[in-house]
file upload_34.cif (mmCIF, C-alpha atoms)
data_final
#
loop_
_atom_site.label_atom_id
_atom_site.label_comp_id
_atom_site.auth_asym_id
_atom_site.auth_seq_id
_atom_site.Cartn_x
_atom_site.Cartn_y
_atom_site.Cartn_z
CA MET A 1 180.76 113.90 -83.77
CA ASP A 2 180.54 117.65 -84.20
CA LEU A 3 184.05 118.70 -85.15
CA LEU A 4 183.62 122.13 -83.59
CA ARG A 5 183.18 120.51 -80.19
CA ARG A 6 186.52 118.82 -80.62
CA GLY A 7 188.17 122.19 -80.96
CA ALA A 8 189.20 124.26 -83.92
CA SER A 9 192.74 123.00 -83.64
CA LEU A 10 191.70 119.64 -85.08
CA LEU A 11 190.57 121.38 -88.25
CA THR A 12 193.59 123.61 -88.72
CA PRO A 13 194.83 122.96 -92.25
CA THR A 14 198.20 121.38 -92.80
CA PRO A 15 199.82 122.89 -95.89
CA SER A 16 200.64 120.48 -98.65
CA PRO A 17 204.33 119.70 -98.75
CA SER A 18 206.33 121.56 -101.34
CA PRO A 19 206.50 119.52 -104.54
CA THR A 20 209.60 117.46 -105.10
CA PRO A 21 211.74 119.11 -107.77
CA ALA A 22 211.82 117.19 -111.02
CA ARG A 23 215.04 115.40 -111.90
CA LYS A 24 217.12 117.27 -114.42
CA ASP A 25 216.77 114.42 -116.90
CA THR A 26 212.96 114.35 -116.56
CA PRO A 27 211.09 116.38 -119.19
CA PRO A 28 208.85 119.03 -117.62
CA LYS A 29 205.12 118.38 -117.75
CA THR A 30 203.25 120.33 -120.43
CA SER A 31 199.59 120.96 -121.19
CA ASP A 32 199.79 118.07 -123.67
CA ASP A 33 200.32 115.74 -120.71
CA PHE A 34 196.89 116.51 -119.26
CA SER A 35 194.35 113.70 -119.62
CA LYS A 36 190.62 113.36 -119.15
CA ALA A 37 189.60 111.56 -115.99
CA PRO A 38 186.90 109.06 -117.00
CA SER A 39 185.17 108.96 -113.61
CA PRO A 40 184.83 111.02 -110.42
CA GLU A 41 187.15 108.81 -108.41
CA LYS A 42 189.89 109.23 -111.00
CA LEU A 43 189.82 113.05 -111.02
CA PHE A 44 190.18 113.83 -107.31
CA HIS A 45 191.08 111.81 -104.26
CA GLN A 46 188.04 110.54 -102.37
CA THR A 47 187.60 110.49 -98.62
CA THR A 48 187.58 107.12 -96.88
CA ALA A 49 186.90 106.23 -93.28
CA SER A 50 190.18 104.35 -93.05
CA SER A 51 192.29 107.36 -94.01
CA ASP A 52 190.10 110.31 -93.00
CA GLY A 53 188.17 109.06 -90.00
CA GLU A 54 184.53 108.23 -89.44
CA GLU A 55 183.58 111.92 -89.68
CA CYS A 56 183.76 111.81 -93.47
CA LEU A 57 180.83 109.37 -93.49
CA HIS A 58 178.45 111.67 -91.62
CA ASP A 59 176.78 114.97 -92.42
CA CYS A 60 177.04 117.83 -89.94
CA SER A 61 175.00 117.06 -86.83
CA SER A 62 174.92 120.64 -85.55
CA CYS A 63 173.57 122.23 -88.74
CA THR A 64 170.28 124.05 -88.14
CA ILE A 65 169.95 125.68 -91.57
CA LYS A 66 167.42 124.01 -93.85
CA TYR A 67 166.31 124.59 -97.42
CA PRO A 68 162.68 125.55 -98.08
CA ALA A 69 160.25 122.63 -98.05
CA ARG A 70 159.78 122.77 -101.84
CA PHE A 71 163.48 122.92 -102.65
CA ASP A 72 163.55 119.98 -105.04
CA VAL A 73 166.51 119.16 -107.29
CA ASP A 74 167.21 116.39 -109.76
CA GLN A 75 168.63 113.39 -107.92
CA GLU A 76 168.62 110.94 -110.83
CA ASP A 77 171.03 112.36 -113.42
CA GLU A 78 174.67 111.43 -113.41
CA VAL A 79 176.30 114.84 -113.06
CA TYR A 80 179.95 114.01 -113.63
CA GLY A 81 181.32 115.31 -116.90
CA ASN A 82 178.14 117.27 -117.56
CA VAL A 83 179.97 120.61 -117.89
CA ASP A 84 181.70 122.54 -120.64
CA GLY A 85 185.39 123.00 -119.96
CA TRP A 86 187.15 126.33 -119.68
CA ALA A 87 190.71 127.61 -119.71
CA THR A 88 190.26 130.75 -117.62
CA HIS A 89 187.46 132.11 -115.46
CA ALA A 90 186.85 135.85 -115.02
CA LEU A 91 184.67 137.18 -112.21
CA VAL A 92 183.51 140.76 -112.79
CA ALA A 93 182.73 142.79 -109.66
CA THR A 94 179.19 144.23 -109.69
CA GLY A 95 178.31 144.41 -105.99
CA LYS A 96 175.04 142.60 -106.79
CA THR A 97 173.77 139.08 -106.11
CA ASP A 98 171.30 138.88 -108.99
CA TRP A 99 171.51 140.06 -112.59
CA VAL A 100 169.66 140.21 -115.89
CA ARG A 101 169.09 136.76 -117.33
CA ASP A 102 172.20 136.92 -119.54
CA VAL A 103 174.81 139.09 -117.84
CA ALA A 104 176.36 139.94 -121.22
CA ASP A 105 173.12 141.83 -121.99
CA GLU A 106 173.77 144.36 -119.22
CA GLU A 107 174.24 147.49 -121.29
CA GLY A 108 177.47 149.39 -120.68
CA SER A 109 178.97 146.63 -118.50
CA VAL A 110 182.36 144.96 -118.64
CA MET A 111 180.51 141.66 -119.13
CA GLU A 112 178.94 143.02 -122.33
CA ALA A 113 182.27 144.37 -123.58
CA VAL A 114 184.09 141.08 -122.95
CA GLU A 115 181.39 138.81 -124.36
CA LYS A 116 180.34 140.88 -127.36
CA GLY A 117 183.55 142.70 -128.23
CA GLY A 118 184.63 140.11 -130.77
CA LEU A 119 188.02 139.40 -129.16
CA VAL A 120 188.68 136.01 -127.58
CA PRO A 121 191.64 134.92 -125.42
CA GLU A 122 194.51 133.21 -127.17
CA ASN A 123 194.91 130.58 -124.44
CA GLY A 124 191.50 128.93 -124.62
CA LYS A 125 187.89 129.31 -123.61
CA LEU A 126 187.00 132.05 -121.13
CA LYS A 127 184.27 131.40 -118.57
CA LEU A 128 182.69 134.78 -117.71
CA SER A 129 180.72 135.43 -114.52
CA ALA A 130 179.23 138.45 -112.85
CA SER A 131 179.93 138.44 -109.11
CA ASN A 132 178.97 140.17 -105.89
CA ILE A 133 182.55 141.34 -105.35
CA PRO A 134 182.18 144.99 -104.28
CA VAL A 135 182.79 147.62 -106.93
CA PRO A 136 185.43 150.29 -106.14
CA ASP A 137 184.27 153.68 -104.85
CA GLU A 138 185.19 155.32 -108.16
CA TYR A 139 182.62 153.16 -109.92
CA HIS A 140 179.84 155.39 -108.64
CA SER A 141 181.41 158.65 -109.87
CA HIS A 142 181.44 157.63 -113.56
CA GLU A 143 178.70 157.44 -116.14
CA LYS A 144 177.30 154.09 -117.23
CA GLY A 145 179.59 152.55 -119.81
CA ALA A 146 182.70 154.12 -118.28
CA GLN A 147 182.51 152.73 -114.76
CA PRO A 148 185.79 151.15 -113.61
CA THR A 149 185.44 147.88 -111.75
CA THR A 150 187.51 144.90 -110.58
CA VAL A 151 188.01 141.51 -112.20
CA LEU A 152 189.22 138.36 -110.41
CA LEU A 153 190.91 135.97 -112.83
CA LEU A 154 191.12 132.25 -112.10
CA PRO A 155 192.94 129.91 -111.85
CA ALA A 156 195.61 132.65 -111.75
CA PHE A 157 194.26 134.08 -108.46
CA GLN A 158 194.96 137.47 -110.03
CA VAL A 159 193.03 140.68 -109.31
CA ILE A 160 192.80 143.28 -112.08
CA GLU A 161 191.76 146.79 -111.10
CA HIS A 162 190.34 149.75 -112.99
CA VAL A 163 188.71 147.64 -115.71
CA THR A 164 186.29 149.61 -117.89
CA PRO A 165 184.33 148.42 -120.94
CA VAL A 166 186.70 150.23 -123.30
CA LEU A 167 189.65 148.41 -121.69
CA ALA A 168 188.09 144.98 -122.22
CA PRO A 169 190.22 144.27 -125.33
CA ALA A 170 193.38 145.14 -123.39
CA LEU A 171 192.24 142.92 -120.53
CA ILE A 172 191.79 139.98 -122.89
CA LYS A 173 194.92 140.57 -124.97
CA HIS A 174 197.47 141.52 -122.32
CA ILE A 175 196.30 139.71 -119.17
CA ILE A 176 193.81 136.90 -119.76
CA SER A 177 195.64 135.56 -122.83
CA LYS A 178 198.92 135.46 -120.90
CA ALA A 179 197.53 133.97 -117.69
CA PRO A 180 197.89 130.36 -116.55
CA THR A 181 194.96 128.15 -117.49
CA THR A 182 193.26 125.07 -116.11
CA THR A 183 195.76 122.98 -118.10
CA THR A 184 198.88 124.96 -117.28
CA PRO A 185 201.22 122.66 -115.30
CA LEU A 186 202.36 123.82 -111.89
CA VAL A 187 205.88 124.78 -112.92
CA GLN A 188 207.89 127.96 -112.65
CA GLN A 189 206.70 130.62 -115.09
CA PRO A 190 207.48 134.26 -115.80
CA ALA A 191 205.36 136.61 -113.74
CA PRO A 192 202.50 138.28 -115.66
CA PRO A 193 202.66 142.03 -116.23
CA THR A 194 201.49 144.22 -113.37
CA SER A 195 200.64 147.12 -115.68
CA PHE A 196 200.85 148.12 -119.31
CA PRO A 197 199.96 151.11 -121.50
CA PRO A 198 196.35 151.70 -122.54
CA THR A 199 195.15 150.38 -125.88
CA GLU A 200 197.14 151.69 -128.82
CA GLY A 201 195.91 154.96 -130.35
CA GLN A 202 193.68 155.82 -127.39
CA GLU A 203 194.27 158.16 -124.50
CA LEU A 204 192.53 156.41 -121.68
CA GLU A 205 192.51 157.54 -118.12
CA GLY A 206 194.32 155.11 -115.83
CA GLN A 207 195.91 151.75 -116.45
CA LEU A 208 194.97 148.20 -115.64
CA GLN A 209 196.82 147.21 -112.46
CA THR A 210 197.12 143.64 -111.22
CA HIS A 211 198.03 142.00 -107.95
CA PRO A 212 197.61 138.50 -106.49
CA SER A 213 194.43 137.61 -104.67
CA PRO A 214 195.30 137.18 -100.99
CA HIS A 215 193.10 134.12 -100.57
CA ALA A 216 194.21 130.53 -100.17
CA ALA A 217 190.91 129.28 -101.56
CA ILE A 218 187.85 130.77 -103.19
CA ILE A 219 184.34 129.29 -103.07
CA LEU A 220 181.86 130.34 -105.76
CA LEU A 221 178.11 129.89 -105.36
CA CYS A 222 175.53 130.53 -108.07
CA SER A 223 173.01 133.03 -106.68
CA GLN A 224 171.17 134.12 -109.85
CA ARG A 225 167.52 134.08 -108.90
CA THR A 226 166.44 135.34 -112.33
CA ARG A 227 167.62 132.02 -113.81
CA ASP A 228 166.27 129.78 -111.04
CA ALA A 229 164.78 130.61 -107.65
CA ARG A 230 166.65 127.74 -106.02
CA CYS A 231 169.99 129.44 -106.72
CA GLY A 232 168.80 132.63 -105.03
CA GLN A 233 167.54 130.62 -102.06
CA SER A 234 170.48 128.29 -101.59
CA ALA A 235 173.48 130.61 -102.00
CA PRO A 236 172.91 132.74 -98.85
CA LEU A 237 172.16 129.64 -96.75
CA ILE A 238 175.24 127.78 -97.93
CA ARG A 239 177.41 130.84 -97.33
CA ARG A 240 176.15 131.16 -93.75
CA GLU A 241 176.94 127.53 -93.02
CA LEU A 242 180.37 127.71 -94.64
CA GLU A 243 181.14 130.82 -92.61
CA ARG A 244 180.13 129.02 -89.41
CA HIS A 245 182.77 126.35 -90.01
CA LEU A 246 185.50 128.64 -91.38
CA ARG A 247 185.41 131.22 -88.57
CA PRO A 248 186.73 128.96 -85.76
CA LEU A 249 189.67 128.11 -88.01
CA GLY A 250 190.52 131.75 -88.63
CA LEU A 251 189.94 131.15 -92.34
CA TYR A 252 186.81 133.17 -93.07
CA ARG A 253 187.39 136.38 -95.05
CA ASP A 254 184.62 138.86 -95.73
CA MET A 255 184.50 141.05 -98.81
CA HIS A 256 186.89 143.65 -97.47
CA ASP A 257 189.34 141.43 -95.58
CA GLU A 258 192.69 141.51 -97.39
CA ARG A 259 194.69 139.45 -94.90
CA PRO A 260 196.73 136.81 -96.74
CA GLY A 261 195.42 133.29 -96.56
CA GLY A 262 191.88 132.35 -95.69
CA VAL A 263 188.88 131.62 -97.84
CA GLY A 264 186.76 134.05 -99.84
CA ILE A 265 183.13 133.21 -100.67
CA TYR A 266 181.53 134.91 -103.68
CA PHE A 267 178.16 134.77 -105.37
CA ILE A 268 178.28 134.48 -109.15
CA SER A 269 175.89 134.41 -112.09
CA HIS A 270 174.44 131.34 -113.77
CA VAL A 271 176.92 128.50 -114.28
CA GLY A 272 174.53 125.96 -115.77
CA GLY A 273 172.66 123.05 -114.24
CA HIS A 274 170.41 124.93 -111.83
CA LYS A 275 168.34 121.78 -111.49
CA TYR A 276 171.31 120.45 -109.50
CA SER A 277 171.36 123.37 -107.04
CA ALA A 278 173.28 124.32 -105.09
CA ASN A 279 176.22 124.54 -107.47
CA MET A 280 179.59 125.27 -105.87
CA ILE A 281 183.01 125.71 -107.46
CA VAL A 282 186.05 125.57 -105.18
CA TYR A 283 189.35 126.99 -106.43
CA ARG A 284 192.17 126.13 -104.05
CA ARG A 285 195.91 126.61 -103.81
CA ARG A 286 197.95 123.52 -103.00
CA ASP A 287 199.71 125.40 -100.16
CA PHE A 288 197.57 127.49 -97.80
CA ASP A 289 200.72 129.22 -96.53
CA TRP A 290 202.13 129.99 -99.99
CA TYR A 291 202.56 133.66 -99.08
CA LYS A 292 205.06 132.79 -96.33
CA ARG A 293 207.30 130.57 -98.39
CA SER A 294 210.33 131.28 -100.57
CA ASP A 295 213.13 128.95 -99.63
CA GLY A 296 212.53 129.89 -96.03
CA GLU A 297 212.01 133.58 -96.73
CA LYS A 298 208.70 135.33 -96.12
CA ALA A 299 206.72 136.14 -99.25
CA GLU A 300 204.85 139.36 -99.87
CA GLY A 301 201.40 138.93 -101.38
CA GLY A 302 201.50 136.19 -104.00
CA LYS A 303 204.99 136.99 -105.23
CA THR A 304 207.97 136.04 -103.15
CA GLU A 305 210.99 138.18 -102.40
CA GLY A 306 212.95 136.11 -104.87
CA GLY A 307 210.44 136.86 -107.63
CA GLU A 308 208.81 133.44 -107.54
CA TYR A 309 205.66 133.28 -109.64
CA ASP A 310 202.31 132.87 -107.90
CA GLU A 311 201.13 129.58 -109.42
CA GLY A 312 197.48 130.22 -108.53
CA ALA A 313 194.90 127.49 -108.05
CA ALA A 314 196.09 123.89 -108.21
CA GLN A 315 192.52 122.57 -108.32
CA GLY A 316 189.07 123.63 -109.39
CA ILE A 317 186.36 121.38 -107.91
CA TRP A 318 182.77 121.77 -109.13
CA LEU A 319 180.14 120.27 -106.83
CA ALA A 320 176.37 119.98 -107.29
CA ARG A 321 173.41 119.18 -105.02
CA VAL A 322 175.20 120.82 -102.10
CA ARG A 323 173.09 121.12 -98.95
CA PRO A 324 173.81 122.96 -95.69
CA GLU A 325 174.61 119.75 -93.85
CA ASP A 326 177.38 119.03 -96.39
CA CYS A 327 179.32 122.20 -95.58
CA GLU A 328 181.28 120.95 -92.56
CA ASN A 329 182.92 118.14 -94.53
CA ILE A 330 183.33 120.32 -97.61
CA VAL A 331 185.43 122.69 -95.48
CA ARG A 332 187.33 119.92 -93.73
CA TYR A 333 188.14 117.77 -96.75
CA THR A 334 187.48 119.64 -100.00
CA VAL A 335 188.61 123.16 -99.17
CA LEU A 336 191.50 122.19 -96.91
CA GLN A 337 192.65 118.95 -98.54
CA GLY A 338 191.34 118.88 -102.10
CA LYS A 339 189.35 115.68 -101.54
CA VAL A 340 185.74 114.99 -102.49
CA VAL A 341 183.33 113.47 -99.98
CA LYS A 342 180.30 112.52 -102.10
CA ALA A 343 181.84 112.20 -105.53
CA GLU A 344 179.27 109.90 -107.11
CA ARG A 345 176.32 112.23 -106.52
CA GLN A 346 177.97 115.67 -106.23
CA LEU A 347 181.08 115.97 -108.41
CA ARG A 348 180.32 117.65 -111.75
CA GLY A 349 183.92 118.08 -112.87
CA GLY A 350 187.00 120.25 -112.59
CA PHE A 351 190.76 120.18 -112.99
CA ASP A 352 193.88 119.24 -111.08
CA ARG A 353 196.96 121.05 -112.41
CA GLU A 354 199.33 119.14 -110.14
CA ARG A 355 198.20 115.70 -111.27
CA GLY A 356 197.53 116.73 -114.89
CA LEU A 357 193.84 115.75 -114.91
CA ILE A 358 190.68 117.42 -116.22
CA SER A 359 187.07 116.30 -116.65
CA TRP A 360 186.53 117.67 -120.16
#
call {"tool": "encode", "arguments": {"input": "upload_34.cif", "output": "C-alpha cells"}}
result
Amino acid sequence: MDLLRRGASLLTPTPSPSPTPARKDTPPKTSDDFSKAPSPEKLFHQTTASSDGEECLHDCSSCTIKYPARFDVDQEDEVYGNVDGWATHALVATGKTDWVRDVADEEGSVMEAVEKGGLVPENGKLKLSASNIPVPDEYHSHEKGAQPTTVLLLPAFQVIEHVTPVLAPALIKHIISKAPTTTTPLVQQPAPPTSFPPTEGQELEGQLQTHPSPHAAIILLCSQRTRDARCGQSAPLIRRELERHLRPLGLYRDMHDERPGGVGIYFISHVGGHKYSANMIVYRRRDFDWYKRSDGEKAEGGKTEGGEYDEGAAQGIWLARVRPEDCENIVRYTVLQGKVVKAERQLRGGFDRERGLISW
C-alpha cells in the first residue's frame, strides 16, 4: 500500500525516548567498549513484517522514477564490511556536483590543504569529501587559494564557517581533533569551542566560527560523474524520490532552509564502490526533536539552555545498490527509525554510537 495515500500522519517520526541514565555504580561506556559487528543483522536492527508491518516487505508502488536502461551494478559481491572505517567525516562546501577525479588535486582548495598539508587529526582517520553545499557569498570575492568556504563535520553535526586553505591546520588541530568520532559514546561531553584565534604567528582575516547543524538527519549521495557515470545519473534521481517522501512529513530541507529538524540531502565526491551505485550514507540523530529538549526546556540550535552538549549523530548507515523504489522504506525505517530494510544486499557498514557497534 502506498504510504502517502494513508496520510502523512502515519509517517510522522516518533522521537526515540531519552536514554535511561546509567546507574552511579555502572562505569561509563568508553571507545574501548565498541566492538565490530560480524554481520549486517548484528550492526543495525532489521525490519520485520511482525514488528514493522507488511509495508517493509514491498518496494514503493507509486515510484515513477527509473534508472537508465543500461544502469548495471554488481549484484554478486557481498558488500558488508567492504569499507574502510573513519573517525570523522568532513564535507567541504563547493557548490558543485562533480569534481576533478581526486578532489585533493583541486588547486587552491580546502580539500587540497587538508589532504596534502601534512597534518592529521589526533582522534583518528578523517574521511574527506567535496560536497554541493553552497559556498558563502564571500567565496566569490576572494582570489583562488584564499576563498572562504563552509565545512560540515560529522558525526558531530557541526558547521564550521570561514574555512580557507591557510586555516586548514587550525581546522584540524582545534576542531576536528577535538570533535566526537564514530566511536565516541553518547555521553555528556564538554562543548567544543565556537571560535579561537587564528594560527599562531599569522595575522589572518576572520576566525573559524562553529555552530550546530540544524538537521535531524543528513543523507549523502555520491554524485561524482568523473569517477563513474552511474553516480552522476543516480544521485539526482534518488534525491528527487527522497524529497517526494520527505515533503509530506514536513521533513525536507533544501540547501538554504535552516529550520531546526528535518533532513538535509547532499551530493558528495567519490566514496568508493561505484560498482554498487547508488551509494548512500545516512547520518541520523537518535532524537529528531533534540533541539526542543533540555529537561523540559526548549533548546536553541543544538545546544540547550542548560549548556547541554549536542551529541551529534548516533548512527551512520552506509547503503549500496539503492534504487528509486527503495526510497520510501529508507525514509520510513532507516532515516526515521535507524533500521535497515534490505541489509543482506544493501548494507555496506557504519556505526552505532548508542549500542557501541561498528563494522570496521
call {"tool": "resolve_selection", "arguments": {"input": "upload_34.cif", "expression": "the PyMOL selection byres ((chain A and resi 219) around 8)", "output": "PyMOL selection string"}}
result
chain A and resi 217-218+220-221+263-266+280-283
call {"tool": "atom_distance", "arguments": {"input": "upload_34.cif", "atom1": "atom CA of A:Ser213", "atom2": "atom CA of A:Lys42"}}
result
29.4 Å
call {"tool": "resolve_selection", "arguments": {"input": "upload_34.cif", "expression": "the PyMOL selection byres ((chain A and resi 77-91) around 9)", "output": "PyMOL selection string"}}
result
chain A and resi 38-40+74-76+92-93+121+123-131+133+150-156+176-177+179-184+268+272-273+276+320+343-350+358-360
call {"tool": "atom_distance", "arguments": {"input": "upload_34.cif", "atom1": "atom CA of A:Pro136", "atom2": "atom CA of A:Arg284"}}
result
25.2 Å
call {"tool": "resolve_selection", "arguments": {"input": "upload_34.cif", "expression": "the PyMOL selection byres ((chain A and resi 277) around 7)", "output": "ChimeraX atom specification"}}
result
/A:73,230-231,274-276,278-279,320-322
call {"tool": "closest_residue", "arguments": {"input": "upload_34.cif", "among": "A:Asp352, A:Glu122, A:Asp59, A:Glu243", "to": "A:Leu171", "atoms": "all atoms listed in the file"}}
result
A:Glu122
call {"tool": "build_atoms", "arguments": {"input": "upload_34.cif", "residues": "stretch 272-288 of chain A", "atoms": "N, CA and C atoms", "output": "PDB file, in the frame of the given file"}}
result
ATOM      1  N   GLY A 272     175.102 127.111-115.089  1.00  0.00           N
ATOM      2  CA  GLY A 272     174.530 125.960-115.770  1.00  0.00           C
ATOM      3  C   GLY A 272     174.150 124.864-114.793  1.00  0.00           C
ATOM      4  N   GLY A 273     173.071 124.151-115.104  1.00  0.00           N
ATOM      5  CA  GLY A 273     172.660 123.050-114.240  1.00  0.00           C
ATOM      6  C   GLY A 273     171.975 123.482-112.969  1.00  0.00           C
ATOM      7  N   HIS A 274     171.074 124.490-113.066  1.00  0.00           N
ATOM      8  CA  HIS A 274     170.410 124.930-111.830  1.00  0.00           C
ATOM      9  C   HIS A 274     169.505 123.856-111.241  1.00  0.00           C
ATOM     10  N   LYS A 275     169.156 122.852-112.047  1.00  0.00           N
ATOM     11  CA  LYS A 275     168.340 121.780-111.490  1.00  0.00           C
ATOM     12  C   LYS A 275     169.132 120.891-110.539  1.00  0.00           C
ATOM     13  N   TYR A 276     170.460 121.169-110.457  1.00  0.00           N
ATOM     14  CA  TYR A 276     171.310 120.450-109.500  1.00  0.00           C
ATOM     15  C   TYR A 276     171.742 121.365-108.350  1.00  0.00           C
ATOM     16  N   SER A 277     170.985 122.424-108.096  1.00  0.00           N
ATOM     17  CA  SER A 277     171.360 123.370-107.040  1.00  0.00           C
ATOM     18  C   SER A 277     171.530 122.671-105.697  1.00  0.00           C
ATOM     19  N   ALA A 278     172.431 123.159-104.879  1.00  0.00           N
ATOM     20  CA  ALA A 278     173.280 124.320-105.090  1.00  0.00           C
ATOM     21  C   ALA A 278     174.566 123.902-105.811  1.00  0.00           C
ATOM     22  N   ASN A 279     174.959 124.738-106.781  1.00  0.00           N
ATOM     23  CA  ASN A 279     176.220 124.540-107.470  1.00  0.00           C
ATOM     24  C   ASN A 279     177.323 125.316-106.750  1.00  0.00           C
ATOM     25  N   MET A 280     178.457 124.676-106.574  1.00  0.00           N
ATOM     26  CA  MET A 280     179.590 125.270-105.870  1.00  0.00           C
ATOM     27  C   MET A 280     180.871 124.932-106.621  1.00  0.00           C
ATOM     28  N   ILE A 281     181.689 125.942-106.866  1.00  0.00           N
ATOM     29  CA  ILE A 281     183.010 125.710-107.460  1.00  0.00           C
ATOM     30  C   ILE A 281     184.064 126.168-106.457  1.00  0.00           C
ATOM     31  N   VAL A 282     184.981 125.276-106.126  1.00  0.00           N
ATOM     32  CA  VAL A 282     186.050 125.570-105.180  1.00  0.00           C
ATOM     33  C   VAL A 282     187.372 125.653-105.945  1.00  0.00           C
ATOM     34  N   TYR A 283     187.993 126.830-105.921  1.00  0.00           N
ATOM     35  CA  TYR A 283     189.350 126.990-106.430  1.00  0.00           C
ATOM     36  C   TYR A 283     190.281 127.027-105.223  1.00  0.00           C
ATOM     37  N   ARG A 284     191.306 126.193-105.228  1.00  0.00           N
ATOM     38  CA  ARG A 284     192.170 126.130-104.050  1.00  0.00           C
ATOM     39  C   ARG A 284     193.642 126.047-104.439  1.00  0.00           C
ATOM     40  N   ARG A 285     194.461 126.734-103.668  1.00  0.00           N
ATOM     41  CA  ARG A 285     195.910 126.610-103.810  1.00  0.00           C
ATOM     42  C   ARG A 285     196.352 125.292-103.175  1.00  0.00           C
ATOM     43  N   ARG A 286     197.473 124.754-103.619  1.00  0.00           N
ATOM     44  CA  ARG A 286     197.950 123.520-103.000  1.00  0.00           C
ATOM     45  C   ARG A 286     198.650 123.786-101.674  1.00  0.00           C
ATOM     46  N   ASP A 287     199.021 125.044-101.405  1.00  0.00           N
ATOM     47  CA  ASP A 287     199.710 125.400-100.160  1.00  0.00           C
ATOM     48  C   ASP A 287     198.983 126.599 -99.561  1.00  0.00           C
ATOM     49  N   PHE A 288     198.321 126.406 -98.430  1.00  0.00           N
ATOM     50  CA  PHE A 288     197.570 127.490 -97.800  1.00  0.00           C
ATOM     51  C   PHE A 288     198.483 128.564 -97.216  1.00  0.00           C
TER      52      PHE A 288
END
